[in-house]
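Undergrad: So here's final.cif (mmCIF, C-alpha atoms).
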```
data_my_file
loop_
_atom_site.label_atom_id
_atom_site.label_comp_id
_atom_site.auth_asym_id
_atom_site.auth_seq_id
_atom_site.Cartn_x
_atom_site.Cartn_y
_atom_site.Cartn_z
CA MET T 1 30.28 25.26 30.96
CA SER T 2 29.27 28.82 30.22
CA ARG T 3 27.15 30.06 27.37
CA LYS T 4 30.22 31.42 25.61
CA GLU T 5 32.03 28.09 25.84
CA PHE T 6 28.96 26.26 24.68
CA MET T 7 28.53 28.47 21.63
CA GLU T 8 32.22 28.31 20.71
CA GLU T 9 32.27 24.56 20.93
CA LEU T 10 29.09 24.31 18.92
CA GLU T 11 30.57 26.52 16.24
CA ASN T 12 33.63 24.26 16.02
CA MET T 13 31.45 21.19 15.81
CA LEU T 14 29.43 22.69 12.95
CA GLU T 15 32.49 23.68 10.97
CA ASN T 16 31.92 21.11 8.23
CA ILE T 17 28.35 22.02 7.34
CA GLN T 18 27.16 24.68 4.90
CA LYS T 19 27.88 28.23 5.95
CA ASN T 20 24.29 29.41 5.90
CA GLU T 21 23.16 26.38 7.89
CA ARG T 22 25.85 27.00 10.47
CA GLU T 23 24.93 30.66 10.80
CA GLU T 24 21.25 29.81 11.09
CA ALA T 25 21.88 27.30 13.84
CA LEU T 26 24.25 29.54 15.75
CA GLN T 27 21.87 32.43 15.54
CA TYR T 28 19.05 30.26 16.77
CA TYR T 29 20.97 29.10 19.82
CA ASN T 30 22.29 32.58 20.50
CA ASP T 31 18.74 33.86 20.42
CA TYR T 32 17.70 30.94 22.54
CA PHE T 33 20.10 31.92 25.28
CA ASP T 34 19.02 35.56 24.99
CA GLU T 35 15.37 34.65 25.27
CA ALA T 36 15.95 32.33 28.20
CA GLY T 37 17.75 35.13 30.00
CA PRO T 38 21.04 35.00 31.88
CA GLU T 39 19.33 33.56 34.94
CA ASN T 40 18.37 30.41 33.02
CA GLU T 41 21.70 30.01 31.26
CA GLU T 42 22.84 27.04 33.28
CA GLN T 43 19.50 25.32 33.05
CA VAL T 44 19.38 25.78 29.28
CA ILE T 45 22.85 24.29 28.88
CA ASN T 46 21.82 21.33 31.01
CA GLU T 47 18.67 20.84 28.98
CA LEU T 48 20.34 21.16 25.61
CA GLY T 49 23.04 18.66 26.48
CA THR T 50 26.59 18.79 25.19
CA PRO T 51 27.43 20.93 22.14
CA ALA T 52 28.44 17.67 20.45
CA LYS T 53 24.93 16.30 20.90
CA VAL T 54 23.31 19.49 19.64
CA ALA T 55 25.64 19.52 16.62
CA ALA T 56 24.93 15.86 15.91
CA ILE T 57 21.17 16.49 15.90
CA ILE T 58 21.57 19.42 13.51
CA LYS T 59 23.79 17.41 11.17
CA THR T 60 21.46 14.43 11.16
CA SER T 61 18.51 16.59 10.24
CA LEU T 62 20.51 18.21 7.44
CA GLN T 63 21.35 14.81 6.04
CA GLU T 64 17.71 13.86 6.11
CA ASN T 65 16.90 16.96 4.12
CA GLU T 66 19.53 16.12 1.54
CA ASN T 67 18.10 12.66 1.20
CA GLU T 68 14.69 14.13 0.83
CA SER T 69 15.59 16.06 -2.30
CA GLY T 70 17.29 13.03 -3.80
CA GLU T 71 16.05 9.53 -3.52
CA PHE T 72 14.19 8.83 -0.37
CA THR T 73 16.24 6.71 1.97
CA GLU T 74 15.10 7.81 5.34
CA ARG T 75 15.84 4.51 6.96
CA GLY T 76 18.70 6.45 8.42
CA TYR T 77 16.18 7.46 11.07
CA SER T 78 17.40 5.33 13.90
CA ASP T 79 14.57 6.58 16.03
CA PRO T 80 11.71 4.08 16.03
CA ARG T 81 9.15 6.84 16.50
CA PHE T 82 9.63 7.86 12.89
CA THR T 83 8.88 4.41 11.57
CA ILE T 84 5.77 4.21 13.68
CA ASN T 85 4.75 7.57 12.44
CA TYR T 86 5.02 6.63 8.80
CA GLU T 87 2.39 4.00 9.18
CA VAL T 88 0.01 6.48 10.70
CA ILE T 89 0.59 9.12 8.08
CA ASP T 90 0.68 6.69 5.20
CA SER T 91 -2.77 5.31 5.84
CA THR T 92 -4.26 8.67 6.58
CA ASN T 93 -2.63 10.42 3.69
CA LYS T 94 -3.90 7.88 1.21
CA GLY T 95 -7.45 8.81 2.09
CA ASN T 96 -6.72 12.47 1.71
CA GLN T 97 -4.53 12.30 -1.31
CA ASP T 98 -7.30 13.46 -3.60
CA THR T 99 -8.52 16.30 -1.48
CA ASN T 100 -5.07 17.54 -0.58
CA SER T 101 -3.09 16.81 -3.68
CA SER T 102 -3.27 20.41 -4.75
CA GLN T 103 -1.78 21.56 -1.50
CA ASN T 104 1.16 19.21 -1.89
CA GLN T 105 2.84 20.03 1.39
CA ARG T 106 6.36 18.94 1.57
CA THR T 107 6.25 17.53 5.05
CA ALA T 108 3.37 15.26 4.24
CA GLY T 109 4.92 14.70 0.84
CA ARG T 110 7.87 13.15 2.53
CA GLU T 111 5.85 10.34 4.03
CA ARG T 112 3.76 10.03 0.91
CA LYS T 113 6.86 9.50 -1.16
CA TYR T 114 7.81 6.71 1.19
CA ALA T 115 4.45 5.02 0.71
CA LYS T 116 4.62 5.37 -3.04
CA GLU T 117 8.04 3.85 -3.13
CA THR T 118 7.08 0.78 -1.17
CA SER T 119 4.01 0.15 -3.30
CA GLY T 120 6.09 0.91 -6.40
CA GLY T 121 8.61 -1.65 -5.25
CA LYS T 122 5.88 -4.22 -4.75
CA ILE T 123 4.50 -3.60 -8.23
CA ALA T 124 7.98 -3.89 -9.70
CA LEU T 125 8.46 -7.17 -7.86
CA ILE T 126 5.20 -8.54 -9.23
CA VAL T 127 6.14 -7.45 -12.77
CA ILE T 128 9.53 -9.15 -12.44
CA LEU T 129 7.91 -12.32 -11.13
CA CYS T 130 5.48 -12.31 -14.06
CA ALA T 131 8.33 -11.78 -16.52
CA LEU T 132 10.27 -14.65 -14.99
CA ALA T 133 7.19 -16.86 -15.10
CA ILE T 134 6.67 -16.32 -18.86
CA PRO T 135 9.19 -18.98 -20.12
CA VAL T 136 7.65 -21.56 -17.80
CA GLY T 137 4.09 -20.28 -17.66
CA VAL T 138 3.37 -19.83 -21.38
CA PRO T 139 4.27 -23.40 -22.46
CA LEU T 140 2.55 -24.77 -19.37
CA LEU T 141 -0.59 -22.79 -20.12
CA GLY T 142 -0.39 -23.80 -23.79
CA GLY T 143 0.00 -27.43 -22.79
CA LEU T 144 -3.01 -27.25 -20.49
CA ILE T 145 -5.16 -25.61 -23.17
CA GLY T 146 -4.00 -28.26 -25.67
CA LEU T 147 -4.83 -31.05 -23.25
CA PHE T 148 -8.26 -29.60 -22.57
CA ALA T 149 -8.94 -29.18 -26.31
CA GLY T 150 -7.76 -32.77 -26.94
CA VAL T 151 -10.04 -34.22 -24.29
CA LEU T 152 -12.93 -32.11 -25.60
CA GLY T 153 -12.22 -33.25 -29.18
CA LEU T 154 -12.07 -36.91 -28.08
CA GLY T 155 -15.40 -36.58 -26.30
CA ILE T 156 -17.05 -34.90 -29.30
CA GLY T 157 -15.54 -37.56 -31.62
CA ILE T 158 -16.89 -40.44 -29.53
CA PHE T 159 -20.30 -38.77 -29.32
CA VAL T 160 -20.45 -38.18 -33.09
CA ALA T 161 -19.37 -41.79 -33.71
CA ILE T 162 -22.15 -43.08 -31.46
CA VAL T 163 -24.77 -40.91 -33.18
CA VAL T 164 -23.56 -41.92 -36.66
CA LEU T 165 -23.47 -45.60 -35.65
CA ALA T 166 -27.01 -45.36 -34.27
CA LEU T 167 -28.30 -43.78 -37.47
CA ALA T 168 -26.31 -46.04 -39.82
CA LEU T 169 -27.23 -49.23 -38.02
CA SER T 170 -30.92 -48.31 -37.82
CA ILE T 171 -31.19 -47.20 -41.45
CA GLY T 172 -28.90 -49.99 -42.67
CA GLY T 173 -30.85 -52.56 -40.65
CA VAL T 174 -34.20 -51.37 -42.04
CA VAL T 175 -32.79 -51.42 -45.61
CA CYS T 176 -31.31 -54.90 -45.02
CA PHE T 177 -34.68 -56.14 -43.69
CA ILE T 178 -36.60 -54.74 -46.69
CA VAL T 179 -34.03 -56.18 -49.13
CA GLY T 180 -34.34 -59.53 -47.28
CA ILE T 181 -38.14 -59.59 -47.62
CA VAL T 182 -37.86 -58.75 -51.32
CA THR T 183 -35.23 -61.50 -51.91
CA LEU T 184 -37.25 -63.93 -49.76
CA PHE T 185 -39.44 -64.56 -52.82
CA SER T 186 -36.56 -65.23 -55.25
CA THR T 187 -33.90 -66.88 -53.04
CA PRO T 188 -35.47 -67.69 -49.65
CA THR T 189 -32.22 -68.57 -47.80
CA VAL T 190 -30.49 -65.31 -48.70
CA GLY T 191 -33.70 -63.43 -47.91
CA VAL T 192 -34.00 -64.99 -44.43
CA PHE T 193 -30.29 -64.25 -43.74
CA SER T 194 -30.71 -60.67 -44.92
CA CYS T 195 -33.81 -60.25 -42.76
CA GLY T 196 -31.94 -61.61 -39.71
CA VAL T 197 -28.91 -59.38 -40.27
CA GLY T 198 -31.27 -56.41 -40.76
CA MET T 199 -33.04 -57.14 -37.47
CA ILE T 200 -29.69 -57.50 -35.59
CA MET T 201 -28.54 -54.18 -37.07
CA VAL T 202 -31.77 -52.45 -36.11
CA GLY T 203 -31.48 -53.91 -32.62
CA ILE T 204 -27.90 -52.67 -32.14
CA GLY T 205 -28.93 -49.39 -33.78
CA ILE T 206 -31.74 -48.96 -31.22
CA LEU T 207 -29.20 -49.59 -28.43
CA PHE T 208 -27.00 -46.83 -29.83
CA VAL T 209 -29.99 -44.51 -30.16
CA LEU T 210 -30.75 -45.15 -26.49
CA LEU T 211 -27.09 -44.50 -25.64
CA THR T 212 -27.26 -41.19 -27.56
CA ALA T 213 -30.38 -40.24 -25.62
CA VAL T 214 -28.68 -41.07 -22.31
CA ILE T 215 -25.65 -38.98 -23.30
CA CYS T 216 -27.80 -36.01 -24.35
CA TYR T 217 -30.11 -36.03 -21.31
CA LYS T 218 -27.87 -37.26 -18.51
CA PHE T 219 -24.15 -37.15 -19.30
CA ILE T 220 -23.84 -33.69 -20.91
CA PRO T 221 -25.77 -31.81 -18.20
CA TRP T 222 -23.71 -33.67 -15.57
CA LEU T 223 -20.47 -32.72 -17.37
CA ILE T 224 -21.49 -29.06 -17.59
CA ARG T 225 -22.35 -29.03 -13.88
CA CYS T 226 -18.93 -30.53 -13.10
CA ILE T 227 -17.11 -27.88 -15.13
CA VAL T 228 -19.12 -25.06 -13.58
CA ASP T 229 -18.41 -26.39 -10.08
CA LEU T 230 -14.73 -26.64 -10.92
CA PHE T 231 -14.57 -22.96 -11.86
CA ARG T 232 -16.69 -21.94 -8.94
CA ALA T 233 -14.61 -23.82 -6.38
CA PRO T 234 -11.98 -21.10 -5.77
CA LEU T 235 -14.65 -18.42 -5.48
CA LYS T 236 -16.65 -20.50 -3.04
CA ARG T 237 -13.63 -20.99 -0.83
CA LYS T 238 -13.10 -17.25 -0.76
CA GLU T 239 -16.67 -16.69 0.28
CA THR T 240 -16.35 -19.02 3.24
CA ILE T 241 -13.20 -17.25 4.38
CA VAL T 242 -14.87 -13.88 4.16
CA MET Q 243 5.48 9.21 28.51
CA VAL Q 244 5.20 5.74 27.02
CA PHE Q 245 4.11 6.92 23.59
CA ASN Q 246 6.56 8.32 21.09
CA THR Q 247 5.94 11.51 19.22
CA GLY Q 248 6.51 11.04 15.52
CA ALA Q 249 7.96 13.61 13.16
CA ALA Q 250 4.54 14.54 11.75
CA LEU Q 251 2.96 14.92 15.17
CA LEU Q 252 5.88 17.03 16.32
CA ASP Q 253 5.49 19.20 13.21
CA ALA Q 254 1.80 19.51 13.98
CA ILE Q 255 2.39 20.52 17.60
CA VAL Q 256 5.00 23.08 16.62
CA LEU Q 257 2.74 24.54 13.92
CA ALA Q 258 -0.12 24.69 16.39
CA VAL Q 259 2.01 26.46 19.00
CA VAL Q 260 3.31 28.98 16.48
CA SER Q 261 -0.12 29.59 14.97
CA LYS Q 262 -1.50 30.62 18.37
CA GLU Q 263 0.42 33.88 18.07
CA VAL Q 264 -0.79 35.96 15.17
CA GLU Q 265 2.31 38.11 15.33
CA GLY Q 266 4.57 35.09 15.52
CA THR Q 267 6.65 33.78 18.35
CA TYR Q 268 10.29 33.00 19.09
CA GLY Q 269 12.34 29.85 19.53
CA TYR Q 270 12.64 29.75 23.27
CA LYS Q 271 8.94 30.33 23.82
CA ILE Q 272 8.01 27.70 21.22
CA THR Q 273 10.26 25.19 22.94
CA GLN Q 274 8.79 25.89 26.35
CA GLU Q 275 5.24 25.61 25.09
CA VAL Q 276 5.90 22.41 23.21
CA ARG Q 277 7.52 21.01 26.32
CA GLU Q 278 4.39 21.72 28.30
CA VAL Q 279 2.60 19.18 26.12
CA ILE Q 280 5.17 16.55 25.29
CA GLU Q 281 8.46 15.43 26.71
CA ILE Q 282 11.09 16.46 24.25
CA SER Q 283 14.70 17.44 24.44
CA GLU Q 284 15.25 21.16 23.89
CA SER Q 285 17.84 20.45 21.24
CA THR Q 286 15.31 18.58 19.07
CA LEU Q 287 13.26 21.66 18.35
CA TYR Q 288 15.73 23.57 16.23
CA PRO Q 289 15.88 21.02 13.40
CA VAL Q 290 12.08 20.86 13.38
CA LEU Q 291 11.75 24.63 13.11
CA ARG Q 292 14.43 24.74 10.47
CA ARG Q 293 12.77 22.05 8.40
CA LEU Q 294 9.35 23.65 8.65
CA GLN Q 295 10.97 26.88 7.55
CA LYS Q 296 12.58 25.17 4.56
CA ASP Q 297 9.27 23.56 3.71
CA ASP Q 298 7.68 27.02 3.65
CA CYS Q 299 5.39 26.14 6.51
CA LEU Q 300 7.05 28.71 8.74
CA GLU Q 301 8.56 32.06 7.91
CA VAL Q 302 11.05 33.95 9.98
CA TYR Q 303 11.50 37.61 10.49
CA ASP Q 304 13.64 39.63 12.81
CA MET Q 305 12.09 42.09 15.17
CA GLU Q 306 13.75 44.59 17.43
CA CYS Q 307 13.00 43.67 21.00
CA GLY Q 308 14.68 45.17 24.02
CA GLY Q 309 17.56 46.65 22.06
CA ARG Q 310 18.40 43.52 20.08
CA ASN Q 311 17.07 41.50 17.23
CA ARG Q 312 14.82 38.65 18.00
CA ARG Q 313 14.00 36.02 15.41
CA TYR Q 314 10.31 35.40 15.13
CA TYR Q 315 8.56 32.46 13.58
CA LYS Q 316 5.21 32.81 11.88
CA VAL Q 317 2.97 30.24 10.22
CA THR Q 318 2.63 30.70 6.46
CA GLU Q 319 -0.46 30.00 4.40
CA LYS Q 320 1.03 26.66 3.45
CA GLY Q 321 1.78 25.96 7.08
CA ARG Q 322 -1.81 26.72 8.00
CA ILE Q 323 -3.10 24.28 5.38
CA GLN Q 324 -0.65 21.70 6.63
CA LEU Q 325 -1.74 22.26 10.21
CA ASN Q 326 -5.39 21.85 9.25
CA LEU Q 327 -4.54 18.59 7.55
CA TYR Q 328 -2.72 17.42 10.66
CA ILE Q 329 -5.60 18.43 12.90
CA THR Q 330 -8.13 16.51 10.80
CA GLU Q 331 -5.88 13.50 10.66
CA TRP Q 332 -5.22 13.61 14.37
CA ASP Q 333 -8.90 13.90 15.07
CA ASN Q 334 -9.68 10.78 13.04
CA TYR Q 335 -6.70 8.90 14.35
CA SER Q 336 -7.28 9.61 18.03
CA LYS Q 337 -11.02 9.01 17.72
CA ARG Q 338 -10.47 5.57 16.22
CA ILE Q 339 -8.05 4.62 18.96
CA THR Q 340 -10.25 5.99 21.74
CA MET Q 341 -13.19 4.09 20.32
CA MET Q 342 -11.14 0.93 20.18
CA PHE Q 343 -10.07 1.35 23.80
CA GLN Q 344 -13.62 1.95 24.93
CA GLU Q 345 -14.82 -1.16 23.15
CA GLY Q 346 -12.12 -3.09 24.94
CA MET Q 347 -13.19 -1.67 28.31
CA ASN Q 348 -16.85 -2.47 27.74
CA ASN Q 349 -16.00 -6.10 27.17
CA GLU Q 350 -14.18 -6.43 30.47
#
```
Show me the file's structure as C-alpha cells.
TA:
Amino acid sequence: MSRKEFMEELENMLENIQKNEREEALQYYNDYFDEAGPENEEQVINELGTPAKVAAIIKTSLQENENESGEFTERGYSDPRFTINYEVIDSTNKGNQDTNSSQNQRTAGRERKYAKETSGGKIALIVILCALAIPVGVPLLGGLIGLFAGVLGLGIGIFVAIVVLALALSIGGVVCFIVGIVTLFSTPTVGVFSCGVGMIMVGIGILFVLLTAVICYKFIPWLIRCIVDLFRAPLKRKETIV
Amino acid sequence: MVFNTGAALLDAIVLAVVSKEVEGTYGYKITQEVREVIEISESTLYPVLRRLQKDDCLEVYDMECGGRNRRYYKVTEKGRIQLNLYITEWDNYSKRITMMFQEGMNNE
C-alpha cells in the first residue's frame, strides 16, 4: 500500500465524522508522512496499521470526547489501562483538589468527574436505603424507646413503692406502738395487740429500709455500670480491630 | 513492557515531550520521542494530541518549513500547569511504589 492509497482509504473511512475533525486528522497524517520523509513511507504505513484501524482509533476518541461533554460514561474504554489509570488519578487528584481547583484542567477533570460520580452514586444509594428504612425503622425505633421507657418506669415505680412502704411501715408501726402503750392502761388486751402489730410493722419497715439502702448503694451503681458498658461495647470492639 | 500506560500518563509524556521545545514541535517528532520512552502504536498519538489541543493544553500553528506548511504543537499555559500537576503526581506515585518494592526486598 502506498501513501496515496493509505490516505484515500483513510479519507473514505472517516467520511461519517464531522468535517473539521476529518480535515484535522487527514492533515495530521499527511504531515506525518511528510515529516517521516519518502524513505520511511513504507515503515510508517506498517507502523500505523491499516487505514481502518487508524480510522477506528480516531472515531473512538471522538466518541469519548462527546461523552465527556455530556454525562460521563467512559466505560466504553475497552482498554484496561484506562481503568487502572483512573484509580491512580482519582486518589492523587483528591489530595490536590484544593490546591488545583482553580486550574480546573479538563484532562484531570475528566477523571475527577468519574470519581465524583461514583461517590455521588454511593451517597444516593445510602439516601435511598435510609428512605426505604423509614417505614420499618421509625416504628421499630419508637417501639424500642417505648420499651426502654416502660422498663425504666417499672423500675422507678417499684423503687418508689419500696421507699414508701419502708417509711409508712416504720412510721405506722411507731404510731401503732405508741397508741398501744396509751390504750394498755384503759383496755390492756387491745393495747398489747396494738403494741405487737406496731412492732411487726416497724420490723417489716426496717427490712424495707434496709432494702432501700441496698438498692441505693449496690443495685443502682451496678445498673449504671451495665448501661455504660452496653453503650461502650461497640466502641470497644472497634478499638480492638484498630 | 508489562506495565500499561494510562491516558493521564500518556498525556503527561506527550506534554513533557512537547514542552522540551520552546518553539514547539511536530507530530512525527513527538511520536518518535514518545516511542523512545514507551511502547505505543503510532496511530494512538493523534487522538492524544487532538484531545490535548481541544483541552487547550496544546496549541497548534503552521510554520513554513522547506517549502511547505508544517503543523507545530506548542504547550499552552494551561498545558504547563497540567504538566506540572502530572509531574508532582508521578513523583509521589512512583516514590511510593519504589519504597514499597524496596521494603519488600529488604524483607527477603
Undergrad: Can you find the residues with an atom no farther than 9 Å from (0.9, 26.7, 13.3), counting all atoms listed in the file, and report them as a PyMOL selection string?
TA: chain Q and resi 253-263+299-300+316-318+321-322+324-326
Undergrad: Report as an NGL selection string the set of chain Q residues whose atoms approach chain T to within 10 Å, with distances computed over only C-alpha atoms.
TA: :Q and (245-251 or 253 or 268-271 or 273-274 or 282-294 or 296-299 or 310-313 or 320-321 or 323-324 or 327-328 or 330-332 or 334-335)
Undergrad: For the structure provided, state which residues fall under the PyMOL selection byres ((chain T and resi 207) around 12), and present them as a list of chain:residue names.
TA: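 Residues picked by the PyMOL selection byres ((chain T and resi 207) around 12): T:Ile162, T:Val163, T:Leu165, T:Ala166, T:Leu167, T:Leu169, T:Ser170, T:Ile200, T:Met201, T:Val202, T:Gly203, T:Ile204, T:Gly205, T:Ile206, T:Phe208, T:Val209, T:Leu210, T:Leu211, T:Thr212, T:Ala213, T:Val214.
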Undergrad: Please, what distance in Å, to one decimal, runs between atom CA of T:Leu10 and atom CA of Q:Leu252?
TA: 24.5 Å
Undergrad: How far is it from atom CA of Q:Ile272 to atom CA of Q:Tyr315, in Å with one decimal?
TA: 9.0 Å
Undergrad: Provide the atom CA of T:Glu23 to atom CA of Q:Glu265 distance in Å, to one decimal place.
TA: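 Taking atom CA of T:Glu23 as the start and atom CA of Q:Glu265 as the end point, the length is 24.2 Å.
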Undergrad: Applying the PyMOL selection byres ((chain T and resi 196) around 12) to the file I just gave you, which residues come out? Please list them as a list in words.
TA: Gly173, Val174, Val175, Cys176, Phe177, Ile178, Val179, Gly180, Ile181, Leu184, Thr189, Val190, Gly191, Val192, Phe193, Ser194, Cys195, Val197, Gly198, Met199, Ile200, Met201, Val202 and Gly203 of chain T
Undergrad: Give me, as a short mmCIF file (atom, residue, chain, number, x, y, z; two decimals) with C-alpha atoms, keeping the file's coordinate frame, all polymer residues having an atom no more than 7 Å from Q:Tyr314, counting only C-alpha atoms and skipping those fewer than 5 positions away in the same chain.
TA:
```cif
data_model
loop_
_atom_site.label_atom_id
_atom_site.label_comp_id
_atom_site.auth_asym_id
_atom_site.auth_seq_id
_atom_site.Cartn_x
_atom_site.Cartn_y
_atom_site.Cartn_z
CA GLY Q 266 4.57 35.09 15.52
CA THR Q 267 6.65 33.78 18.35
CA TYR Q 268 10.29 33.00 19.09
CA VAL Q 302 11.05 33.95 9.98
CA TYR Q 303 11.50 37.61 10.49
CA ASP Q 304 13.64 39.63 12.81
CA MET Q 305 12.09 42.09 15.17
#
```
Undergrad: Report, as AutoDock Vina command-line options, the axis-aligned box around all atoms of stretch 38-42 of chain T present in the file, extended by 4 Å on each side; give centre and edge lengths in Å to one decimal place.
TA:
```
--center_x 20.6 --center_y 31.0 --center_z 33.1 --size_x 12.5 --size_y 16.0 --size_z 11.7
```
